Every structure is written in C-alpha cells, then in structure tokens.
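Asks: run-v4.txt (compact mmCIF, C-alpha atoms and all ligand atoms) pasted underneath:
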```
# COMPACT_ATOMS: atom_id res chain seq x y z
CA MET C 231 -13.67 28.76 -11.07
CA GLN C 232 -15.81 27.56 -13.99
CA PHE C 233 -19.27 25.98 -13.85
CA ASN C 234 -17.46 22.88 -14.91
CA ASN C 235 -15.68 22.81 -11.52
CA VAL C 236 -18.92 23.09 -9.55
CA VAL C 237 -20.20 19.76 -8.26
CA GLY C 238 -23.79 19.04 -9.40
CA GLN C 239 -26.31 21.96 -9.46
CA HIS C 240 -26.84 21.50 -13.20
CA GLU C 241 -30.40 22.87 -13.28
CA LEU C 242 -29.50 25.98 -11.36
CA ILE C 243 -26.44 26.57 -13.54
CA ALA C 244 -28.57 26.26 -16.69
CA LYS C 245 -31.05 28.75 -15.24
CA ILE C 246 -28.27 31.23 -14.38
CA ILE C 247 -26.74 30.96 -17.87
CA THR C 248 -30.12 31.69 -19.48
CA LEU C 249 -30.75 34.66 -17.19
CA VAL C 250 -27.28 36.10 -17.87
CA ASN C 251 -27.58 35.65 -21.63
CA ASN C 252 -31.00 37.34 -21.62
CA HIS C 253 -29.77 40.13 -19.32
CA HIS C 254 -32.38 39.10 -16.77
CA LEU C 255 -30.18 38.13 -13.85
CA PRO C 256 -31.54 39.93 -10.76
CA HIS C 257 -29.03 42.40 -9.34
CA ALA C 258 -29.18 40.98 -5.80
CA LEU C 259 -29.01 37.20 -5.43
CA MET C 260 -29.12 35.10 -2.31
CA LEU C 261 -27.46 31.77 -3.09
CA THR C 262 -28.54 29.42 -0.38
CA GLY C 263 -28.07 25.73 0.18
CA HIS C 264 -27.14 23.48 3.02
CA GLU C 265 -23.51 23.10 4.10
CA GLY C 266 -21.23 21.72 1.40
CA SER C 267 -23.66 22.22 -1.48
CA GLY C 268 -21.29 24.72 -3.12
CA GLY C 269 -22.70 28.26 -2.83
CA LEU C 270 -19.31 29.96 -3.03
CA PRO C 271 -18.02 27.93 -6.01
CA LEU C 272 -21.28 28.70 -7.79
CA ALA C 273 -21.01 32.44 -7.03
CA LEU C 274 -17.41 32.47 -8.28
CA ALA C 275 -18.28 30.57 -11.45
CA THR C 276 -21.26 32.87 -12.11
CA ALA C 277 -19.11 35.99 -11.66
CA GLN C 278 -16.44 34.53 -13.94
CA PHE C 279 -19.06 33.71 -16.58
CA ILE C 280 -20.52 37.23 -16.48
CA LEU C 281 -17.12 38.91 -16.82
CA CYS C 282 -15.65 36.45 -19.34
CA ALA C 283 -14.58 38.09 -22.60
CA ASP C 284 -15.21 34.94 -24.63
CA LYS C 285 -18.27 33.21 -23.13
CA GLN C 286 -19.00 29.72 -24.42
CA ALA C 287 -22.47 28.22 -24.57
CA THR C 288 -22.29 26.50 -21.20
CA ASP C 289 -19.32 28.07 -19.40
CA SER C 290 -16.74 30.83 -19.23
CA CYS C 291 -13.73 30.31 -21.51
CA GLY C 292 -11.29 29.85 -18.64
CA VAL C 293 -8.37 31.44 -20.52
CA CYS C 294 -9.15 35.09 -21.31
CA SER C 295 -7.51 37.78 -19.24
CA SER C 296 -10.64 38.22 -17.14
CA CYS C 297 -10.95 34.46 -16.44
CA THR C 298 -7.26 34.30 -15.54
CA LYS C 299 -7.69 37.10 -13.00
CA MET C 300 -10.80 35.44 -11.61
CA GLY C 301 -8.85 32.21 -11.32
CA LYS C 302 -6.49 34.00 -8.95
CA LEU C 303 -9.39 35.78 -7.22
CA GLN C 304 -7.71 39.00 -8.24
CA HIS C 305 -10.15 40.61 -10.64
CA PRO C 306 -10.37 44.37 -9.93
CA ASP C 307 -14.15 44.37 -10.51
CA ILE C 308 -14.87 41.57 -8.06
CA HIS C 309 -15.15 42.60 -4.44
CA PHE C 310 -15.22 40.09 -1.63
CA SER C 311 -16.75 40.50 1.76
CA PHE C 312 -16.53 37.83 4.45
CA PRO C 313 -16.32 37.40 8.23
CA THR C 314 -13.14 38.82 9.74
CA ILE C 315 -11.66 38.90 13.21
CA LYS C 316 -10.37 41.69 15.38
CA ASN C 317 -6.91 42.66 14.22
CA ARG C 318 -5.07 44.14 17.18
CA ASP C 319 -7.15 47.17 18.13
CA LYS C 320 -8.19 48.07 14.63
CA ILE C 321 -11.74 47.51 13.38
CA PRO C 322 -11.25 44.86 10.72
CA THR C 323 -12.51 44.81 7.15
CA SER C 324 -12.15 42.17 4.45
CA ASN C 325 -9.39 44.21 2.83
CA ASP C 326 -7.14 43.43 5.79
CA PHE C 327 -7.53 39.69 5.17
CA ILE C 328 -7.83 39.50 1.40
CA ARG C 329 -4.52 37.68 0.90
CA GLU C 330 -5.45 35.03 3.43
CA PHE C 331 -8.91 34.77 1.88
CA ARG C 332 -7.48 34.17 -1.61
CA GLU C 333 -5.16 31.51 -0.27
CA PHE C 334 -7.94 29.83 1.69
CA VAL C 335 -10.57 29.84 -1.07
CA SER C 336 -8.11 28.72 -3.76
CA ALA C 337 -7.28 25.68 -1.67
CA ASN C 338 -10.77 25.10 -0.21
CA PRO C 339 -13.55 26.51 -2.39
CA TYR C 340 -15.91 24.20 -0.48
CA GLY C 341 -14.57 25.30 2.92
CA ASN C 342 -16.91 26.77 5.52
CA ASP C 343 -16.80 29.60 8.06
CA THR C 344 -15.41 27.35 10.79
CA ASP C 345 -12.52 26.30 8.55
CA TRP C 346 -11.91 29.90 7.61
CA LEU C 347 -11.74 31.15 11.20
CA LYS C 348 -9.48 28.22 12.06
CA PHE C 349 -7.32 29.11 9.08
CA LEU C 350 -6.91 32.56 10.63
CA GLU C 351 -5.97 30.68 13.80
CA SER C 352 -8.68 32.49 15.61
CA GLU C 353 -10.64 31.51 18.66
CA LYS C 354 -12.48 34.79 18.26
CA GLN C 355 -15.85 35.17 16.69
CA GLY C 356 -16.04 36.33 13.11
CA ASN C 357 -17.95 39.45 12.17
CA ILE C 358 -18.79 41.61 9.17
CA THR C 359 -18.40 45.10 10.58
CA ALA C 360 -20.23 48.37 10.00
CA LEU C 361 -16.97 49.83 8.70
CA GLU C 362 -16.89 47.03 6.15
CA CYS C 363 -20.45 47.87 5.02
CA ARG C 364 -19.49 51.51 4.50
CA GLU C 365 -16.40 50.50 2.53
CA ILE C 366 -18.54 48.26 0.31
CA ILE C 367 -20.82 51.21 -0.50
CA GLN C 368 -17.79 53.34 -1.35
CA LYS C 369 -16.16 50.66 -3.49
CA LEU C 370 -19.31 50.02 -5.46
CA GLN C 371 -19.82 53.69 -6.16
CA LEU C 372 -16.66 53.69 -8.25
CA ARG C 373 -16.90 52.80 -11.90
CA SER C 374 -15.81 49.33 -12.85
CA PHE C 375 -12.19 49.05 -13.93
CA GLU C 376 -12.15 46.56 -16.76
CA SER C 377 -15.55 45.00 -17.18
CA GLU C 378 -19.06 46.09 -17.83
CA TYR C 379 -20.12 44.93 -14.38
CA LYS C 380 -18.75 45.13 -10.88
CA ILE C 381 -19.72 42.36 -8.53
CA LEU C 382 -19.78 42.00 -4.77
CA ILE C 383 -19.63 38.47 -3.40
CA MET C 384 -20.53 38.41 0.27
CA TRP C 385 -19.76 35.07 1.90
CA TYR C 386 -21.74 34.32 5.07
CA PRO C 387 -23.96 37.42 5.28
CA GLU C 388 -25.34 35.88 8.48
CA TYR C 389 -22.31 37.47 10.16
CA LEU C 390 -23.82 40.89 9.44
CA GLU C 391 -25.61 42.05 12.50
CA LYS C 392 -27.77 45.15 12.67
CA GLU C 393 -25.05 47.00 10.76
CA GLY C 394 -26.22 45.08 7.73
CA ASN C 395 -29.02 47.61 7.44
CA ILE C 396 -26.40 50.09 6.23
CA LEU C 397 -26.50 48.10 2.99
CA LEU C 398 -30.27 48.28 2.45
CA LYS C 399 -30.21 51.29 0.21
CA LEU C 400 -27.44 49.78 -1.91
CA ILE C 401 -29.42 46.55 -2.27
CA GLU C 402 -32.59 48.43 -3.19
CA GLU C 403 -31.06 50.94 -5.56
CA PRO C 404 -27.64 49.71 -6.54
CA THR C 405 -25.29 51.82 -8.60
CA ASP C 406 -25.43 51.08 -12.30
CA LYS C 407 -24.07 47.71 -13.53
CA THR C 408 -23.61 46.42 -10.02
CA LEU C 409 -24.40 42.87 -8.93
CA LEU C 410 -24.59 41.62 -5.37
CA PHE C 411 -24.23 37.92 -4.62
CA PHE C 412 -24.89 36.79 -1.08
CA VAL C 413 -23.80 33.24 -0.30
CA THR C 414 -25.24 31.53 2.74
CA SER C 415 -25.98 28.15 4.22
CA ASN C 416 -28.37 29.58 6.83
CA ALA C 417 -30.76 31.88 4.99
CA GLU C 418 -33.04 31.97 8.02
CA GLU C 419 -30.30 33.62 10.12
CA ILE C 420 -29.95 36.57 7.77
CA LEU C 421 -31.49 39.92 8.59
CA PRO C 422 -35.04 39.75 7.18
CA THR C 423 -34.61 43.27 5.80
CA ILE C 424 -31.77 41.99 3.58
CA GLN C 425 -33.38 38.68 2.78
CA SER C 426 -36.57 40.31 1.52
CA ARG C 427 -34.61 42.52 -0.87
CA THR C 428 -32.79 39.69 -2.61
CA GLN C 429 -33.90 36.91 -4.95
CA LEU C 430 -33.47 33.49 -3.49
CA PHE C 431 -31.57 30.92 -5.58
CA SER C 432 -31.61 27.56 -3.82
CA LEU C 433 -28.86 25.02 -4.32
CA LYS C 434 -29.87 21.38 -4.26
CA ARG C 435 -28.54 18.90 -1.81
CA LEU C 436 -25.91 16.88 -3.72
CA THR C 437 -26.69 13.26 -4.46
CA ASP C 438 -24.38 10.42 -3.39
CA ASN C 439 -23.67 9.81 -7.04
CA GLU C 440 -22.62 13.42 -7.74
CA ILE C 441 -20.28 13.34 -4.76
CA LYS C 442 -18.92 9.94 -5.75
CA GLU C 443 -18.10 11.13 -9.26
CA ALA C 444 -16.53 14.38 -8.07
CA LEU C 445 -14.31 12.44 -5.67
CA MET C 446 -13.27 10.04 -8.41
CA GLU C 447 -12.31 13.01 -10.58
CA ARG C 448 -10.03 13.99 -7.72
CA GLY C 449 -8.30 10.62 -7.80
CA VAL C 450 -10.26 8.66 -5.19
CA ASN C 451 -10.93 5.07 -6.24
CA GLU C 452 -14.52 4.00 -6.71
CA GLY C 453 -14.79 1.89 -3.57
CA LYS C 454 -13.67 4.69 -1.29
CA ALA C 455 -15.59 7.34 -3.22
CA ILE C 456 -18.79 5.39 -2.54
CA GLN C 457 -17.88 5.08 1.12
CA TYR C 458 -17.10 8.80 1.58
CA ALA C 459 -20.16 9.88 -0.41
CA ARG C 460 -22.35 7.82 1.90
CA ILE C 461 -20.81 9.30 5.04
CA ALA C 462 -20.92 12.85 3.65
CA GLU C 463 -24.74 12.91 3.28
CA GLY C 464 -24.84 15.48 0.50
CA ASP C 465 -22.10 17.67 1.97
CA PHE C 466 -19.16 17.89 -0.42
CA HIS C 467 -17.12 19.81 2.12
CA LYS C 468 -17.38 16.83 4.46
CA ALA C 469 -16.56 14.39 1.65
CA LEU C 470 -13.39 16.35 0.84
CA SER C 471 -12.27 16.45 4.44
CA LEU C 472 -12.78 12.68 4.72
CA MET C 473 -10.68 12.27 1.61
CA SER C 474 -7.86 14.53 2.69
CA GLU C 475 -7.72 13.48 6.31
CA THR C 476 -7.75 9.81 5.66
CA GLU C 477 -5.94 8.75 2.62
CA ASN C 478 -4.16 11.24 0.39
CA ASP C 479 -2.70 13.23 3.16
CA PHE C 480 -2.16 11.57 6.46
CA VAL C 481 -1.42 8.01 5.37
CA ASN C 482 1.33 9.26 3.09
CA ILE C 483 2.77 11.62 5.67
CA LEU C 484 2.78 8.80 8.21
CA ARG C 485 4.33 6.33 5.79
CA ASN C 486 7.13 8.76 4.95
CA TRP C 487 7.73 9.47 8.59
CA LEU C 488 7.99 5.79 9.51
CA ASN C 489 10.37 5.19 6.61
CA CYS C 490 12.66 7.94 7.88
CA LEU C 491 12.54 6.67 11.45
CA TYR C 492 13.00 2.97 10.81
CA ALA C 493 15.69 3.38 8.16
CA ASN C 494 17.39 6.17 10.13
CA LYS C 495 17.39 8.54 7.15
CA GLY C 496 18.57 11.87 8.60
CA ILE C 497 18.27 14.10 5.53
CA GLU C 498 14.82 12.79 4.61
CA LEU C 499 13.74 13.29 8.20
CA VAL C 500 14.75 16.97 8.07
CA GLU C 501 12.69 17.32 4.89
CA TRP C 502 9.75 15.63 6.57
CA VAL C 503 10.04 17.93 9.61
CA ASN C 504 10.12 20.99 7.32
CA GLY C 505 7.03 19.74 5.53
CA MET C 506 5.19 19.34 8.83
CA ALA C 507 6.29 22.77 10.04
CA ASP C 508 4.80 24.27 6.86
CA LEU C 509 1.33 22.91 7.65
CA ASN C 510 -0.97 25.07 9.70
CA LYS C 511 -1.48 24.38 13.37
CA GLU C 512 -4.83 22.65 12.89
CA ALA C 513 -3.45 20.25 10.30
CA GLN C 514 -0.45 19.47 12.52
CA LYS C 515 -2.75 18.65 15.42
CA LYS C 516 -5.11 16.64 13.21
CA PHE C 517 -2.21 14.58 11.90
CA LEU C 518 -1.01 13.73 15.42
CA GLU C 519 -4.57 12.90 16.49
CA TYR C 520 -4.86 10.70 13.44
CA VAL C 521 -1.69 8.79 14.39
CA ILE C 522 -2.92 8.33 17.97
CA GLN C 523 -6.19 6.97 16.64
CA LEU C 524 -4.39 4.59 14.33
CA LEU C 525 -2.21 3.35 17.21
CA GLU C 526 -5.37 2.65 19.21
CA HIS C 527 -6.69 0.70 16.27
CA MET C 528 -3.43 -1.22 16.21
CA ILE C 529 -4.01 -2.49 19.75
CA ARG C 530 -7.52 -3.58 18.80
CA PHE C 531 -6.24 -5.12 15.59
CA LYS C 532 -3.81 -7.24 17.56
CA THR C 533 -6.53 -8.62 19.77
CA ILE C 534 -9.54 -8.92 17.49
CA GLY C 535 -8.10 -8.74 13.97
CA SER C 536 -9.47 -6.48 11.26
CA GLN C 537 -13.12 -7.43 11.92
CA ASN C 538 -15.31 -4.46 12.83
CA LEU C 539 -12.46 -2.00 12.34
CA VAL C 540 -12.94 0.68 9.71
CA LEU C 541 -9.48 0.79 8.17
CA LEU C 542 -8.26 1.72 4.75
CA GLU C 543 -6.21 -0.94 3.03
CA SER C 544 -3.11 1.26 3.22
CA GLU C 545 -3.64 1.78 6.94
CA GLN C 546 -4.01 -1.91 7.60
CA LYS C 547 -0.77 -2.49 5.74
CA ILE C 548 1.07 0.01 7.94
CA ILE C 549 -0.35 -1.65 11.03
CA GLU C 550 0.73 -5.10 9.86
CA VAL C 551 4.25 -3.92 9.08
CA LEU C 552 4.62 -2.21 12.45
CA ILE C 553 3.41 -5.31 14.29
CA ALA C 554 5.83 -7.44 12.28
CA LYS C 555 8.60 -5.06 13.31
CA GLY C 556 7.78 -5.76 16.96
CA MET C 557 5.52 -2.86 17.99
CA THR C 558 4.24 -3.85 21.43
CA ASP C 559 1.34 -2.35 23.41
CA PHE C 560 3.87 -0.88 25.79
CA PHE C 561 5.67 0.99 23.00
CA ILE C 562 2.34 2.13 21.54
CA THR C 563 1.37 3.68 24.87
CA GLU C 564 4.75 5.37 25.17
CA ILE C 565 4.49 6.83 21.65
CA SER C 566 0.88 7.90 22.17
CA ASP C 567 1.90 9.84 25.26
CA LEU C 568 4.59 11.65 23.27
CA LEU C 569 2.06 12.52 20.57
CA GLU C 570 -0.51 13.77 23.10
CA ASN C 571 2.10 15.95 24.67
CA SER C 572 3.08 17.39 21.29
CA ILE C 573 -0.54 18.38 20.58
CA TYR C 574 -0.56 20.19 23.91
CA GLU C 575 2.64 22.03 23.00
CA ILE C 576 1.40 22.98 19.52
CA GLU C 577 -1.65 24.54 21.15
CA ARG C 578 0.74 26.60 23.24
CA ASN C 579 2.53 27.84 20.12
CA ALA C 580 5.70 25.79 20.44
CA ASN C 581 8.27 26.13 17.64
CA THR C 582 6.99 23.30 15.47
CA LYS C 583 10.23 22.65 13.62
CA ILE C 584 12.00 21.90 16.88
CA LEU C 585 8.97 20.07 18.19
CA PHE C 586 8.61 17.66 15.26
CA HIS C 587 12.32 17.04 15.15
CA SER C 588 12.62 16.19 18.81
CA LEU C 589 9.41 14.12 18.68
CA SER C 590 10.85 12.14 15.78
CA LEU C 591 14.11 11.45 17.60
CA ARG C 592 12.29 10.29 20.71
CA ILE C 593 10.07 7.95 18.75
CA GLN C 594 13.09 6.70 16.86
CA LYS C 595 14.78 5.89 20.14
CA ILE C 596 11.80 3.72 21.07
CA VAL C 597 11.85 2.10 17.65
CA LEU C 598 15.57 1.37 17.85
CA ARG C 599 15.25 0.03 21.38
CA LYS C 600 12.64 -2.35 20.04
CA ASN C 601 14.89 -3.48 17.23
CA LEU C 602 17.68 -4.21 19.75
CA ALA C 603 15.24 -6.16 21.85
CA LEU C 604 14.35 -8.18 18.80
CA MET C 605 17.97 -8.95 18.08
CA SER C 606 18.88 -10.12 21.58
ZN ZN C 701 -12.98 34.01 -20.24
```
Once you've parsed the file, please lay out its structure as structure tokens.
Replies:
Amino acid sequence: MQFNNVVGQHELIAKIITLVNNHHLPHALMLTGHEGSGGLPLALATAQFILCADKQATDSCGVCSSCTKMGKLQHPDIHFSFPTIKNRDKIPTSNDFIREFREFVSANPYGNDTDWLKFLESEKQGNITALECREIIQKLQLRSFESEYKILIMWYPEYLEKEGNILLKLIEEPTDKTLLFFVTSNAEEILPTIQSRTQLFSLKRLTDNEIKEALMERGVNEGKAIQYARIAEGDFHKALSLMSETENDFVNILRNWLNCLYANKGIELVEWVNGMADLNKEAQKKFLEYVIQLLEHMIRFKTIGSQNLVLLESEQKIIEVLIAKGMTDFFITEISDLLENSIYEIERNANTKILFHSLSLRIQKIVLRKNLALMS
C-alpha cells in the first residue's frame, strides 16, 4: 500500500513524510478517525514508506524488495495484531489467523472489524488476548530481520481489555528501532493507560468529492460515484460496499445467471454455480437477498413504473426484460420463496454447490413453464 492508494488525508500524509524524513516520528502512534476514513491503509502506507529502500519525495517506490513484501503483507519486520476468535480450545493469537488476515486486508483495506469477524465466519466476539500481548513483547525483542526498523501495526486496539496493560512497558520504553502503530475508529474505547502513552494522529472525515474521485478511479461512472459518495457520508468503507453490492458484483452475477437459465446453457450454468460456491457465505446470502429485493421492486415497477424507485439503469433493464419475457407476480413469489429458503439453508451450512445447482434448476423450471404458457 502506497500513500498514493490512500483516499484523501493529504495533510496528515505530508506531516508523516516530514516527520519520517526528519527522524521525528513518535515511536507510538494512535491513528484515529471515524469509520471508513482509512486508518489501516494509512498505517500500511506509512510502514511501507519507512521501510522502503528507495524512498521518493512523496511516497515509497512501490517496487523495491521491501515494498514488494509489504504489498503482500509479508514483510518479516512488520508484525500485525488484530482481534481473533477462539480457535477450538486453544487461546488464539494473530499468528493463527495471519493467512486469513492477509487475504482479507488485501481485498478490503477499508474493511472494518465486523467485516473481518464475518470473514472468519464467526458469531463469536473478537478479542486481543493476553497471550497475544506477551507474544508481541517477545517478537519485538528480536532484532529486525531486513530493515532498520521493526513495526507493530495493531488494528482495533479497543479489543484489548485489561490485558492491554501488559503492553504498557513496551509502549513506554520500546526496544530500539521499534515503532508501534495503533489503528482505531473509537479512540475513546481504548484503555486510557494506552491512549495516554501514544501520540494521537487524527484522520479527517473524507469529503464527498474525495470519495467520488476515488470511486471513479475504481471504474464507477460519475453519476453513480456522486450518488454513492452522498450516501456514504464520509465513510469510504460504506461507499465501497455500495459499489460492490449494487453494480459491479451482483448485477453482473444476476445477469449471467439469467442468461444461463433462459438460454438453457448447461456448461455455463455449472461455471456460474462454481463461481457462487467460491464466494463466502455472507456474499452468497447477500446476493440472494439482493435478488429478492430486486424481485420486490419488479412488482412495484409493474404497478407504479420507475417513479420513486431507486434503481440502477442496468437493474431497470433486467426488470424490463424479465417482464417482457412474461414474469408474473405469481412466479416472482414462487422464486422469492425458493431464494428465502436457500438463505436459510446456507445459514445451516448446506453444501452450496449442490444448493445453487438445484436452486437454478428449480427456477429454470418456473421460467420454462412460463415460456410454455406464453406459447400456448
Ligand atoms: Zn520501495
């Protein structure tokens, strides 16, 4: 992650660069800002800048061996600490979940703790354990492997309970060339003993314009980028989820699915089912919920037209095609019931490959029945 990939926060980035270049960066930082302002991306970009072997004036180089390792979140001198969940009967530490964490952060640098715990498919509460705190102290006592500095990035230190006090001595008198970055969106929930020993760096709430531009860089057209930025209210995490849930993802998945079903394309359907089975449980459920919602909109669309309905152009097109193909309210209800039932089964850990295949065939049966009705 480079500063260049961080949305907004230009003043703070400039301040950090100056402090690093003058060797004045405090050794314990608390990066705080409200949800979706980008604390973790900023911590990652700062760490990458500090360790970069070929620093440029305003950013890390992005290509040296150190930057490449940071890009994969696999630099031996960067240590991550984050909320974990109970793993069988073992007391968990971040080490046990580091692979999942790399995968999650690479895909969602703006993700939050709720997303992370969902990603672990956990209903359990996250925690940063006392064992974890002791391991951090041990790890940071070692000399750095490749760089001048070793850096701890702790994401969501509010999950430290009293055990956080184990870290006080480390924060007060860290081992040589050690930096500690705490990243939080609720500074007031952090142990006051820790808070008072760190220097607060506040992230700004992102402006609508910053969010709009960042969305456009990710391929969203201007009209929608403005819409999402407005709804997101300074939260880039929210803006991204609006973007992925509405257009890029679900509309395309749905369009492909309908193509397979209506044109009776068996091989493509198997591919589609495999693609769905590869998504995590939450995304599978969200997609089905999205389709149910769109079907409800279809009923309203048929009675009142597009007025007062918030629909993307591509969604309206799908609705119009389905209506033209003879989708009646009765069929919509039947399909919605099947979708509801599938969500229920996914929650109960059904085999999703079988589930999506059988769901597709049942919906196809309804679709074909409708086509026959049209012909007679
Ligand atoms: Zn570099």
Asks: Go through C:Ile534, C:Val503, C:Ile247, C:Cys291 one by one, measure the shortest atom-to-atom distance of each to ligand ZN 701 (chain C) using all atoms listed in the file, and give the residue with the smallest value.
Replies: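 Distance minimum relative to ligand ZN 701 (chain C) lands on C:Cys291.
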Asks: Excluding Asn494 (chain C) and any residue of its chain fewer than 3 positions from it, enumerate the residues within 12 Å of it, using all atoms listed in the file, and give them as a list in words.
Replies: Asn486, Trp487, Leu488, Asn489, Cys490, Leu491, Ile497, Glu498, Leu499, Val500, Ser590, Leu591, Ile593, Gln594, Lys595, Val597 and Leu598 of chain C
Asks: Given a cut-off of 8 Å, what residues near ligand ZN 701 (chain C) show up using all atoms listed in the file, put as a PyMOL selection string?
Replies: chain C and resi 278-279+281-285+290-298
Asks: So what do you get for CA of Gln425 (chain C) versus CA of Leu259 (chain C), distance-wise?
Replies: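 So the two atoms, CA of Gln425 (chain C) and CA of Leu259 (chain C), lie 9.4 Å apart.
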Asks: With distances taken over all atoms listed in the file, which of C:Leu436, C:Leu398, C:Leu255, C:Ile367 is nearest to Ile424 (chain C)?
Replies: C:Leu398
Asks: Of the candidates C:Gln457, C:Thr276, C:Asn234, C:Ser267, which one gets nearest to Leu249 (chain C) if we count only C-alpha atoms?
Replies: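 Selected residue with least distance to Leu249 (chain C): C:Thr276.
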Asks: Tell me, as a list of chain:residue names, which residues lie within 8 Å of Leu409 (chain C), counting only C-alpha atoms; anything in the same chain fewer than 3 positions away does not count.
Replies: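 Non-adjacent residues within range: C:Pro256, C:His257, C:Ala258, C:Tyr379, C:Lys380, C:Ile381, C:Leu382, C:Pro404.
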Asks: Figure out the distance between CA of Lys399 (chain C) and CA of Leu372 (chain C), please, to one decimal in Å.
Replies: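 Answer for the CA of Leu372 (chain C) to CA of Lys399 (chain C) separation: 16.2 Å.
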Asks: As an exercise, work out the distance from CA of Asn482 (chain C) to CA of Leu470 (chain C) in Å and give it to one decimal place.
Replies: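 These atoms are spaced 16.5 Å apart.
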Asks: Which one of C:Ile562, C:Leu472, C:Ile243, C:Val413 sits closest to Leu542 (chain C) if you count only C-alpha atoms?
Replies: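 Smallest distance to Leu542 (chain C) is found for C:Leu472.
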Asks: May I have the residues within 9 Å of Lys511 (chain C) as number ranges by chain, using all atoms listed in the file and disregarding those fewer than 2 positions away in the same chain?
Replies: C: 348-349, 351, 507, 509, 513-516, 576-577, 579, 582
Asks: Go ahead and write the residues just picked, C-alpha atoms, as a PDB file, keeping the file's coordinate frame.
Replies:
```
ATOM      1  CA  LYS C 348      -9.480  28.220  12.060  1.00  0.00           C
ATOM      2  CA  PHE C 349      -7.320  29.110   9.080  1.00  0.00           C
ATOM      3  CA  GLU C 351      -5.970  30.680  13.800  1.00  0.00           C
ATOM      4  CA  ALA C 507       6.290  22.770  10.040  1.00  0.00           C
ATOM      5  CA  LEU C 509       1.330  22.910   7.650  1.00  0.00           C
ATOM      6  CA  ALA C 513      -3.450  20.250  10.300  1.00  0.00           C
ATOM      7  CA  GLN C 514      -0.450  19.470  12.520  1.00  0.00           C
ATOM      8  CA  LYS C 515      -2.750  18.650  15.420  1.00  0.00           C
ATOM      9  CA  LYS C 516      -5.110  16.640  13.210  1.00  0.00           C
ATOM     10  CA  ILE C 576       1.400  22.980  19.520  1.00  0.00           C
ATOM     11  CA  GLU C 577      -1.650  24.540  21.150  1.00  0.00           C
ATOM     12  CA  ASN C 579       2.530  27.840  20.120  1.00  0.00           C
ATOM     13  CA  THR C 582       6.990  23.300  15.470  1.00  0.00           C
TER      14      THR C 582
END
```
Asks: List as a ChimeraX atom specification the protein and nucleic acid residues near Phe327 (chain C), meaning an atom at most 10 Å away when all atoms listed in the file are counted, but skip any in the same chain fewer than 5 places from it.
Replies: /C:311-315,317,322,332,350
Asks: Out of C:Leu484, C:Val250, C:Ile308, C:Val521, which residue has the shortest atom-to-atom distance to Trp502 (chain C) when counting all atoms listed in the file?
Replies: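 The shortest atom-to-atom distance to Trp502 (chain C) comes from C:Leu484.
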Asks: Do you have, as a tab-separated table, the list of residues of region 451-520 of chain C lying at most 9 Å from region 261-266 of chain C, each with its nearest atom pair and that distance in Å to one decimal, counting only C-alpha atoms and ordered by chain then number?
Replies:
```
residue	atom	partner	partner_atom	distance
C:Gly464	CA	C:Gly266	CA	7.3
C:Asp465	CA	C:Gly266	CA	4.2
C:Phe466	CA	C:Gly266	CA	4.7
C:His467	CA	C:Gly266	CA	4.6
C:Lys468	CA	C:Gly266	CA	6.9
C:Ala469	CA	C:Gly266	CA	8.7
```
Asks: Which is closest to Ser377 (chain C) among C:Pro306, C:Gly341, C:Gln239, C:Ser352, if we use all atoms listed in the file?
Replies: C:Pro306
Asks: Within 8 Å of Asp438 (chain C), counting only C-alpha atoms, which residues qualify if same-chain residues fewer than 4 places away don't, as a ChimeraX atom specification?
Replies: /C:442,456,459-460,463-464
Asks: Mind listing whatever residues come within 8 Å of the point (-14.2, 37.1, 19.2)? Use all atoms listed in the file, file coordinates, and give them as a VMD selection string.
Replies: chain C and resid 315 to 316 353 to 356
